[in-house]
Amino acid sequence: MRNVYLLFAPSAEIKVKRLIMPLALLPVAASIRRSPLFKSGDRVYVCDSLREVLERAGSHAGDRVHFLVSSTRVIRGLERPTNPAVECAARLRRHRPDVFLGVGGPDVFLDPGAYRPSFDLVFQGEVGSVDLLEVIRSGVPFFQAPPADINAEPLDYRPLSGKKYLAGSLQTARGCPHDCSFCNVAHFSGRAVRRLAPRLLEERLESLADIHRGFVIIGDSNFAGGSAAAMKEYLDVLYRVQERRGFPFLVGLQASLQTSRHPDILRMMRAAQVIAVYIGVESPSADALAAAGKKHNLGDPPARQIEAFLDHGIFPYLSMILGLDGEDRGAGRRLREFLGACRSPFLMLNLINPVAGSRLRERAAAAGRLLDHPLYGEYNLIPMKTDRPYAEVVKDYAETLRWFYSDRRLLGFCRDLEHHAGRVQDRRGRDAFAAGLSKVFLLKLLFLYLGLCLKSGSWSGLVQVVKAAGKSRSEALFSLAIRSVALGAKDAYRKTGRRALKGLIRLRTAELYPYERKRP
């Protein structure tokens, strides 16, 4: 009888199969394979959907099946009302009652007790520090592993060979030295930054290039842990691999707004084909940033710092939050003024959420500000009493989304970004990347774009296809890619804004905060 290990990282938020490589599962697969308890006939599968999990389990009827799932339901500003890891485990248990169920991931740091009734093993910590099969064979219901040495942690991209993902993934550092009150990343990854050795980064980039050509996301909470010296080392490695392999990657990463103060790093990013940077600006208000502990964003006006990225041909993906303590009346209007000045078509707008493991949650609980009712989760509303009027915050959120994602404004931002980047980006690397893509890939991108135009109701976007036909291969690729990302967000966020307003009405009906029953 063989042992079969089915690895899965479900997401209730993104339902596109093989969108991003499941990086968290690769150390798990490698840990299993390197264990002395792993036999030649055993099998490890990285699954991309629950359907694949069920099919694999069904095809191994005579084997011992182990289902190991990574849960990321609660992280930073997101908190999903349902738990997909628990739901997937329950469905598989009904399908195969004898299956072994194990769970790990960031959520287990935050609330391990929520998983114990549903799983045979709740694993807290980093799998690279232990022999996972020994833990499974021990029969313990809960195991806490120490932090791993990320330079000794195994990682192998070969289990993903033959699968085509829209984006590859990579990590260069763990841990965050900052103390933002709304964030819980440091709760499970620590404040001490652990960095990948440059030689190991080069090996992993080479391994990734063997199986993937396209967009790559470096999934650090802050690229290289925020160290300028480490950023330069990593970008030098990335550039060398890109040049040696014919520029197989377009890279996106997350970096601090402070990076804009290092023009030499921005030039290195441009040369290495880092085309997009996710930036946690959070608020244009200095008072709100100070209250949230985001003091490293203070200094030069945020819009001027964003301009530095644009001047180097780097697309800024802006993360903003409404409802922060320290906001005052008119915060929504000032946010829209800031977004209009930045003119980036890429926006992640969140309502503040006191997620588990954050200092904000501790403070809100101590002050009696937490709100516990299913309606808040059902409509993704703020489960906490806010500094300024609650309904005003939610209406600002809906109004900003409606304003930002108007077809004319959004496509105008896309056009400005495309023209600006076209003047300053490294054409050699961009053209080499585009030349290496197959016609099938470009055709799939075109159909994806057309589908997003129809789904988001962007009739003006359809006109852009005609204009793209007269452009060079690389220009057409970038034009369609920029608009596809922007229109994909438009489709999701316009629903989110309407849902938030509907949730306010439901709160009024239920006589919940901020519509509490008036005393006679």
# chains A, B, ... in the order shown; residues from 1 in each chain; ligands from 1
$ select_by_dssp --residues "segment 249-301 of chain A" --states "alpha helix (DSSP H)" --output "VMD selection string"
chain A and resid 263 to 271 286 to 291
$ residues_around --residues "segment 22-32 of chain A" --least-positions-apart "4" --cutoff "8 Å" --atoms "only C-alpha atoms" --output "list in words"
Leu7, Phe8, Ala9, Phe38, Val44, Tyr45, Val46, Ser70, Val127, Gly128, Val130, Asp131, Leu132, Leu133, Glu153, Pro154, Leu155, Asp156, Tyr157, Pro159, Ser169 and Leu170 of chain A
$ write_last_selection --atoms "C-alpha atoms" --output "mmCIF file, in the first residue's frame"
data_model
loop_
_atom_site.group_PDB
_atom_site.id
_atom_site.type_symbol
_atom_site.label_atom_id
_atom_site.label_comp_id
_atom_site.auth_asym_id
_atom_site.auth_seq_id
_atom_site.Cartn_x
_atom_site.Cartn_y
_atom_site.Cartn_z
ATOM 1 C CA LEU A 7 -1.315 19.272 -1.157
ATOM 2 C CA PHE A 8 -3.792 22.111 -1.641
ATOM 3 C CA ALA A 9 -4.021 25.861 -0.903
ATOM 4 C CA PHE A 38 9.176 8.517 2.041
ATOM 5 C CA VAL A 44 3.068 13.687 -3.813
ATOM 6 C CA TYR A 45 0.655 15.850 -5.787
ATOM 7 C CA VAL A 46 0.306 19.633 -5.717
ATOM 8 C CA SER A 70 -2.593 25.522 3.728
ATOM 9 C CA VAL A 127 7.662 22.994 7.698
ATOM 10 C CA GLY A 128 11.272 23.505 6.607
ATOM 11 C CA VAL A 130 11.178 19.497 10.741
ATOM 12 C CA ASP A 131 10.602 16.108 9.107
ATOM 13 C CA LEU A 132 6.901 16.426 8.324
ATOM 14 C CA LEU A 133 6.367 12.682 7.851
ATOM 15 C CA GLU A 153 14.615 24.941 3.682
ATOM 16 C CA PRO A 154 14.042 22.700 0.654
ATOM 17 C CA LEU A 155 12.193 24.100 -2.330
ATOM 18 C CA ASP A 156 11.722 22.372 -5.665
ATOM 19 C CA TYR A 157 9.663 23.686 -8.589
ATOM 20 C CA PRO A 159 6.174 19.241 -8.872
ATOM 21 C CA SER A 169 6.090 32.970 -7.329
ATOM 22 C CA LEU A 170 9.213 33.407 -5.259
#
$ closest_atom_pairs --of "segment 391-464 of chain A" --to "segment 296-310 of chain A" --cutoff "12 Å" --atoms "only C-alpha atoms" --output "Markdown table"
| residue | atom | partner | partner_atom | distance |
| --- | --- | --- | --- | --- |
| A:Asp416 | CA | A:Leu310 | CA | 10.3 |
| A:Leu417 | CA | A:Leu310 | CA | 7.7 |
| A:Glu418 | CA | A:Leu310 | CA | 10.3 |
| A:His419 | CA | A:Leu310 | CA | 10.8 |
| A:His420 | CA | A:Leu310 | CA | 7.4 |
| A:Ala421 | CA | A:Leu310 | CA | 7.1 |
| A:Gly422 | CA | A:Leu310 | CA | 10.7 |
| A:Arg423 | CA | A:Leu310 | CA | 10.7 |
| A:Val424 | CA | A:Leu310 | CA | 8.9 |
| A:Gln425 | CA | A:Leu310 | CA | 9.9 |
$ closest_residue --among "A:Val237, A:Cys453, A:Leu370, A:Leu401" --to "Ala500 of chain A" --atoms "only C-alpha atoms"
A:Leu401
$ residues_around --residues "Ala272 of chain A" --least-positions-apart "3" --cutoff "10 Å" --atoms "only C-alpha atoms" --output "list in words"
Tyr234, Leu235, Asp236, Val237, Leu238, Tyr239, Arg240, Val241, Gln242, Glu243, Phe247, Phe249, Leu250, Val251, Leu266, Arg267, Met268, Met269, Ile275, Asp426, Gly429 and Arg430 of chain A
$ write_last_selection --atoms "C-alpha atoms" --output "PDB file, in the first residue's frame"
ATOM      1  CA  TYR A 234      18.962  40.642  -5.169  1.00  0.00           C
ATOM      2  CA  LEU A 235      18.300  42.932  -8.126  1.00  0.00           C
ATOM      3  CA  ASP A 236      21.829  42.296  -9.400  1.00  0.00           C
ATOM      4  CA  VAL A 237      21.167  38.534  -9.227  1.00  0.00           C
ATOM      5  CA  LEU A 238      17.802  38.956 -10.927  1.00  0.00           C
ATOM      6  CA  TYR A 239      19.317  41.011 -13.743  1.00  0.00           C
ATOM      7  CA  ARG A 240      22.075  38.432 -14.360  1.00  0.00           C
ATOM      8  CA  VAL A 241      19.568  35.584 -14.609  1.00  0.00           C
ATOM      9  CA  GLN A 242      17.240  37.628 -16.805  1.00  0.00           C
ATOM     10  CA  GLU A 243      20.044  38.484 -19.247  1.00  0.00           C
ATOM     11  CA  PHE A 247      14.516  37.890 -20.055  1.00  0.00           C
ATOM     12  CA  PHE A 249      10.270  37.160 -16.416  1.00  0.00           C
ATOM     13  CA  LEU A 250       8.253  40.274 -15.810  1.00  0.00           C
ATOM     14  CA  VAL A 251       8.503  40.814 -12.076  1.00  0.00           C
ATOM     15  CA  LEU A 266      14.664  52.108  -9.004  1.00  0.00           C
ATOM     16  CA  ARG A 267      17.077  52.064 -11.957  1.00  0.00           C
ATOM     17  CA  MET A 268      18.144  48.525 -11.044  1.00  0.00           C
ATOM     18  CA  MET A 269      14.485  47.480 -10.834  1.00  0.00           C
ATOM     19  CA  ILE A 275       7.520  46.363 -13.856  1.00  0.00           C
ATOM     20  CA  ASP A 426      14.150  49.168 -20.783  1.00  0.00           C
ATOM     21  CA  GLY A 429      14.413  43.463 -21.932  1.00  0.00           C
ATOM     22  CA  ARG A 430      10.750  44.182 -22.681  1.00  0.00           C
TER      23      ARG A 430
END
$ residues_around --residues "Ala114 of chain A" --least-positions-apart "3" --cutoff "12 Å" --atoms "only C-alpha atoms" --output "list of chain:residue names"
A:Ser71, A:Arg73, A:Thr82, A:Asn83, A:Ala85, A:Val86, A:Val103, A:Asp107, A:Val108, A:Phe109, A:Leu110, A:Asp111, A:Pro117, A:Ser118, A:Phe119, A:Val122
$ decode --residues "segment 93-116 of chain A" --atoms "N, CA and C atoms" --output "PDB file, in the first residue's frame"
ATOM      1  N   ARG A  93     -13.531  14.423   3.413  1.00  0.00           N
ATOM      2  CA  ARG A  93     -13.840  13.386   4.416  1.00  0.00           C
ATOM      3  C   ARG A  93     -15.108  12.621   4.015  1.00  0.00           C
ATOM      4  N   ARG A  94     -16.083  13.329   3.476  1.00  0.00           N
ATOM      5  CA  ARG A  94     -17.296  12.645   3.001  1.00  0.00           C
ATOM      6  C   ARG A  94     -16.986  11.740   1.815  1.00  0.00           C
ATOM      7  N   HIS A  95     -16.042  12.172   1.009  1.00  0.00           N
ATOM      8  CA  HIS A  95     -15.650  11.414  -0.185  1.00  0.00           C
ATOM      9  C   HIS A  95     -14.798  10.192   0.186  1.00  0.00           C
ATOM     10  N   ARG A  96     -13.858  10.402   1.144  1.00  0.00           N
ATOM     11  CA  ARG A  96     -12.975   9.336   1.608  1.00  0.00           C
ATOM     12  C   ARG A  96     -12.900   9.398   3.127  1.00  0.00           C
ATOM     13  N   PRO A  97     -13.749   8.674   3.863  1.00  0.00           N
ATOM     14  CA  PRO A  97     -13.771   8.759   5.331  1.00  0.00           C
ATOM     15  C   PRO A  97     -12.452   8.388   5.989  1.00  0.00           C
ATOM     16  N   ASP A  98     -11.611   7.624   5.296  1.00  0.00           N
ATOM     17  CA  ASP A  98     -10.367   7.157   5.897  1.00  0.00           C
ATOM     18  C   ASP A  98      -9.200   8.112   5.673  1.00  0.00           C
ATOM     19  N   VAL A  99      -9.412   9.236   5.017  1.00  0.00           N
ATOM     20  CA  VAL A  99      -8.320  10.128   4.668  1.00  0.00           C
ATOM     21  C   VAL A  99      -7.746  10.802   5.920  1.00  0.00           C
ATOM     22  N   PHE A 100      -6.426  11.053   5.912  1.00  0.00           N
ATOM     23  CA  PHE A 100      -5.760  11.798   6.980  1.00  0.00           C
ATOM     24  C   PHE A 100      -5.807  13.267   6.605  1.00  0.00           C
ATOM     25  N   LEU A 101      -6.249  14.122   7.527  1.00  0.00           N
ATOM     26  CA  LEU A 101      -6.399  15.546   7.257  1.00  0.00           C
ATOM     27  C   LEU A 101      -5.412  16.348   8.107  1.00  0.00           C
ATOM     28  N   GLY A 102      -4.595  17.168   7.439  1.00  0.00           N
ATOM     29  CA  GLY A 102      -3.658  18.040   8.140  1.00  0.00           C
ATOM     30  C   GLY A 102      -3.772  19.457   7.626  1.00  0.00           C
ATOM     31  N   VAL A 103      -3.534  20.439   8.488  1.00  0.00           N
ATOM     32  CA  VAL A 103      -3.631  21.838   8.097  1.00  0.00           C
ATOM     33  C   VAL A 103      -2.451  22.616   8.662  1.00  0.00           C
ATOM     34  N   GLY A 104      -1.967  23.577   7.869  1.00  0.00           N
ATOM     35  CA  GLY A 104      -0.929  24.502   8.312  1.00  0.00           C
ATOM     36  C   GLY A 104      -1.193  25.844   7.657  1.00  0.00           C
ATOM     37  N   GLY A 105      -0.224  26.739   7.744  1.00  0.00           N
ATOM     38  CA  GLY A 105      -0.390  28.053   7.127  1.00  0.00           C
ATOM     39  C   GLY A 105      -0.543  29.163   8.149  1.00  0.00           C
ATOM     40  N   PRO A 106      -0.595  30.412   7.674  1.00  0.00           N
ATOM     41  CA  PRO A 106      -0.652  31.569   8.586  1.00  0.00           C
ATOM     42  C   PRO A 106      -1.815  31.536   9.565  1.00  0.00           C
ATOM     43  N   ASP A 107      -2.981  31.057   9.135  1.00  0.00           N
ATOM     44  CA  ASP A 107      -4.147  31.060  10.013  1.00  0.00           C
ATOM     45  C   ASP A 107      -3.942  30.272  11.293  1.00  0.00           C
ATOM     46  N   VAL A 108      -3.128  29.231  11.214  1.00  0.00           N
ATOM     47  CA  VAL A 108      -2.946  28.359  12.378  1.00  0.00           C
ATOM     48  C   VAL A 108      -2.217  29.100  13.492  1.00  0.00           C
ATOM     49  N   PHE A 109      -1.404  30.108  13.130  1.00  0.00           N
ATOM     50  CA  PHE A 109      -0.774  30.943  14.149  1.00  0.00           C
ATOM     51  C   PHE A 109      -1.816  31.772  14.886  1.00  0.00           C
ATOM     52  N   LEU A 110      -2.865  32.163  14.161  1.00  0.00           N
ATOM     53  CA  LEU A 110      -3.834  33.105  14.703  1.00  0.00           C
ATOM     54  C   LEU A 110      -4.906  32.431  15.540  1.00  0.00           C
ATOM     55  N   ASP A 111      -5.351  31.237  15.111  1.00  0.00           N
ATOM     56  CA  ASP A 111      -6.448  30.578  15.824  1.00  0.00           C
ATOM     57  C   ASP A 111      -6.391  29.071  15.611  1.00  0.00           C
ATOM     58  N   PRO A 112      -5.396  28.385  16.200  1.00  0.00           N
ATOM     59  CA  PRO A 112      -5.277  26.934  15.987  1.00  0.00           C
ATOM     60  C   PRO A 112      -6.488  26.160  16.473  1.00  0.00           C
ATOM     61  N   GLY A 113      -7.160  26.677  17.510  1.00  0.00           N
ATOM     62  CA  GLY A 113      -8.316  25.964  18.044  1.00  0.00           C
ATOM     63  C   GLY A 113      -9.452  25.829  17.061  1.00  0.00           C
ATOM     64  N   ALA A 114      -9.547  26.749  16.101  1.00  0.00           N
ATOM     65  CA  ALA A 114     -10.627  26.691  15.119  1.00  0.00           C
ATOM     66  C   ALA A 114     -10.479  25.501  14.182  1.00  0.00           C
ATOM     67  N   TYR A 115      -9.275  24.913  14.107  1.00  0.00           N
ATOM     68  CA  TYR A 115      -9.027  23.826  13.154  1.00  0.00           C
ATOM     69  C   TYR A 115      -9.015  22.444  13.812  1.00  0.00           C
ATOM     70  N   ARG A 116      -8.831  22.397  15.124  1.00  0.00           N
ATOM     71  CA  ARG A 116      -8.650  21.097  15.777  1.00  0.00           C
ATOM     72  C   ARG A 116      -9.844  20.151  15.628  1.00  0.00           C
TER      73      ARG A 116
END
